[in-house]
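Visitor: To be precise about what I am sending: the file is called final_9.json and holds JSON, C-alpha atoms.
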```json
[["chain", "number", "residue", "atom", "x", "y", "z"],
["A", 1, "MET", "CA", 7.31, -24.20, -24.10],
["A", 2, "PRO", "CA", 10.00, -21.73, -22.95],
["A", 3, "LYS", "CA", 13.55, -22.99, -22.47],
["A", 4, "TYR", "CA", 16.01, -21.44, -20.06],
["A", 5, "LYS", "CA", 19.78, -21.83, -20.39],
["A", 6, "MET", "CA", 21.57, -21.83, -17.06],
["A", 7, "LEU", "CA", 24.79, -19.84, -16.58],
["A", 8, "GLY", "CA", 26.53, -22.91, -15.19],
["A", 9, "GLY", "CA", 25.24, -25.13, -18.00],
["A", 10, "GLY", "CA", 22.10, -27.05, -18.65],
["A", 11, "ILE", "CA", 18.65, -26.15, -19.91],
["A", 12, "ILE", "CA", 15.34, -26.11, -18.06],
["A", 13, "THR", "CA", 12.07, -26.27, -19.98],
["A", 14, "ALA", "CA", 9.14, -24.81, -18.05],
["A", 15, "ASN", "CA", 5.70, -23.33, -18.72],
["A", 16, "SER", "CA", 5.75, -21.04, -15.68],
["A", 17, "PRO", "CA", 8.13, -19.53, -13.13],
["A", 18, "LYS", "CA", 6.73, -21.97, -10.55],
["A", 19, "GLU", "CA", 7.59, -24.93, -12.78],
["A", 20, "PHE", "CA", 11.03, -23.43, -13.48],
["A", 21, "VAL", "CA", 11.78, -23.20, -9.74],
["A", 22, "GLN", "CA", 10.47, -26.74, -9.16],
["A", 23, "LYS", "CA", 12.80, -28.11, -11.85],
["A", 24, "LEU", "CA", 15.72, -26.00, -10.61],
["A", 25, "ARG", "CA", 15.23, -27.44, -7.11],
["A", 26, "GLU", "CA", 15.22, -30.96, -8.55],
["A", 27, "ILE", "CA", 18.72, -30.48, -9.99],
["A", 28, "SER", "CA", 20.09, -28.37, -7.14],
["A", 29, "PHE", "CA", 22.79, -29.53, -4.74],
["A", 30, "ASN", "CA", 20.82, -27.71, -2.02],
["A", 31, "PRO", "CA", 17.07, -28.12, -2.68],
["A", 32, "CYS", "CA", 16.23, -27.00, 0.90],
["A", 33, "GLU", "CA", 13.17, -27.96, 2.93],
["A", 34, "SER", "CA", 10.76, -25.54, 1.23],
["A", 35, "VAL", "CA", 10.43, -23.49, -1.93],
["A", 36, "GLU", "CA", 10.66, -20.29, 0.10],
["A", 37, "GLU", "CA", 13.93, -21.36, 1.72],
["A", 38, "PHE", "CA", 15.30, -22.47, -1.66],
["A", 39, "LEU", "CA", 14.51, -19.09, -3.24],
["A", 40, "GLU", "CA", 16.16, -17.24, -0.37],
["A", 41, "LYS", "CA", 19.28, -19.42, -0.25],
["A", 42, "THR", "CA", 19.71, -19.28, -4.03],
["A", 43, "ALA", "CA", 19.32, -15.49, -3.98],
["A", 44, "GLU", "CA", 21.96, -15.30, -1.23],
["A", 45, "ALA", "CA", 24.33, -17.46, -3.29],
["A", 46, "CYS", "CA", 23.87, -15.18, -6.31],
["A", 47, "ASN", "CA", 24.63, -12.18, -4.12],
["A", 48, "LEU", "CA", 27.80, -13.78, -2.80],
["A", 49, "GLN", "CA", 28.88, -14.72, -6.32],
["A", 50, "ASN", "CA", 28.74, -11.23, -7.84],
["A", 51, "GLY", "CA", 26.84, -8.86, -5.58],
["A", 52, "THR", "CA", 23.52, -9.02, -7.43],
["A", 53, "LEU", "CA", 20.20, -8.75, -5.65],
["A", 54, "ILE", "CA", 17.71, -11.43, -6.61],
["A", 55, "SER", "CA", 14.14, -11.15, -5.36],
["A", 56, "PHE", "CA", 12.98, -14.23, -3.49],
["A", 57, "GLU", "CA", 9.46, -13.12, -2.59],
["A", 58, "ASN", "CA", 7.91, -15.30, -5.31],
["A", 59, "GLU", "CA", 8.90, -17.49, -8.24],
["A", 60, "SER", "CA", 8.01, -14.89, -10.89],
["A", 61, "TRP", "CA", 10.21, -12.12, -9.53],
["A", 62, "PHE", "CA", 12.95, -14.64, -8.80],
["A", 63, "LEU", "CA", 13.06, -15.79, -12.42],
["A", 64, "VAL", "CA", 12.86, -12.23, -13.77],
["A", 65, "ASP", "CA", 15.86, -11.24, -11.65],
["A", 66, "LEU", "CA", 17.84, -14.35, -12.62],
["A", 67, "ILE", "CA", 17.33, -13.41, -16.28],
["A", 68, "LYS", "CA", 18.03, -9.70, -15.68],
["A", 69, "ASN", "CA", 21.32, -10.57, -13.95],
["A", 70, "SER", "CA", 22.41, -13.13, -16.58],
["A", 71, "PHE", "CA", 22.21, -16.24, -14.38],
["A", 72, "VAL", "CA", 19.55, -17.57, -16.78],
["A", 73, "GLU", "CA", 18.85, -16.83, -20.45],
["A", 74, "GLU", "CA", 15.53, -17.55, -22.12],
["A", 75, "VAL", "CA", 16.45, -19.32, -25.35],
["A", 76, "GLU", "CA", 13.03, -20.22, -26.80]]
```
Would you mind giving the structure from this file in structure tokens?

Guide:
Amino acid sequence: MPKYKMLGGGIITANSPKEFVQKLREISFNPCESVEEFLEKTAEACNLQNGTLISFENESWFLVDLIKNSFVEEVE
């Protein structure tokens, strides 16, 4: 099962991008009302932090962009 190391610390183990986002929401200070809102708000926070653009159209693109922009690293 893939493991993802978070930039701010911690590791999430998930079999799919959907499961990754679900687990990320569970540990988030702002889980939002819906997955869609969570993706959008998290992408906005990443943009404010360092100007990166994170796709929030679906969980797969969201995770790919988090990895591409070094917010998350796949470790196994």

Visitor: Just checking: using all atoms listed in the file, which residue out of A:Leu39, A:Val72, A:Val21, A:Val64 ends up closest to Gly9 of chain A?

Guide: A:Val72

Visitor: I'd like to know which of A:Val75, A:Leu63, A:Cys32, A:Ala43 is closest to Lys18 of chain A, using only C-alpha atoms.

Guide: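 For Lys18 of chain A, the nearest of the given residues is A:Leu63.
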
Visitor: Please measure the separation of atom CA of Ile12 of chain A and atom CA of Leu48 of chain A, giving the value in Å to one decimal.

Guide: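 Separation between atom CA of Ile12 of chain A and atom CA of Leu48 of chain A: 23.2 Å.
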
Visitor: Near Pro17 of chain A, counting all atoms listed in the file, which residues have an atom at most 10 Å away, once you skip same-chain residues fewer than 5 positions from it, shown as a PyMOL selection string?

Guide: chain A and resi 22-23+58-64

Visitor: Mind pulling up the distance from atom CA of Glu74 of chain A to atom CA of Met6 of chain A?

Guide: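 Distance reported for this atom pair: 9.0 Å.
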
Visitor: How many Å separate atom CA of Glu33 of chain A from atom CA of Ser55 of chain A?

Guide: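 For atom CA of Glu33 of chain A relative to atom CA of Ser55 of chain A, the distance reads 18.8 Å.
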
Visitor: Would you mind telling me which residue in A:Phe71, A:Ser28, A:Ile54, A:Met1 lies nearest to Ser16 of chain A when using only C-alpha atoms?

Guide: A:Met1

Visitor: Given 4 Å on each side, where is the centre and what are the edge lengths in Å to one decimal of the axis-aligned box enclosing the listed atoms of segment 20-34 of chain A, as lines of an AutoDock Vina configuration file?

Guide:
```
center_x = 16.6
center_y = -27.1
center_z = -5.3
size_x = 20.3
size_y = 15.8
size_z = 24.4
```

Visitor: Between A:Ala45, A:Val35, A:Ala14, A:Leu24, single out the one closest to Glu57 of chain A, counting only C-alpha atoms.

Guide: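 Result for the nearest residue to Glu57 of chain A: A:Val35.
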
Visitor: Using all atoms listed in the file, pick whichever of A:Glu36, A:Asn69, A:Lys3, A:Pro31 has the shortest atom-to-atom distance to Gln49 of chain A.

Guide: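 The shortest atom-to-atom distance to Gln49 of chain A comes from A:Asn69.
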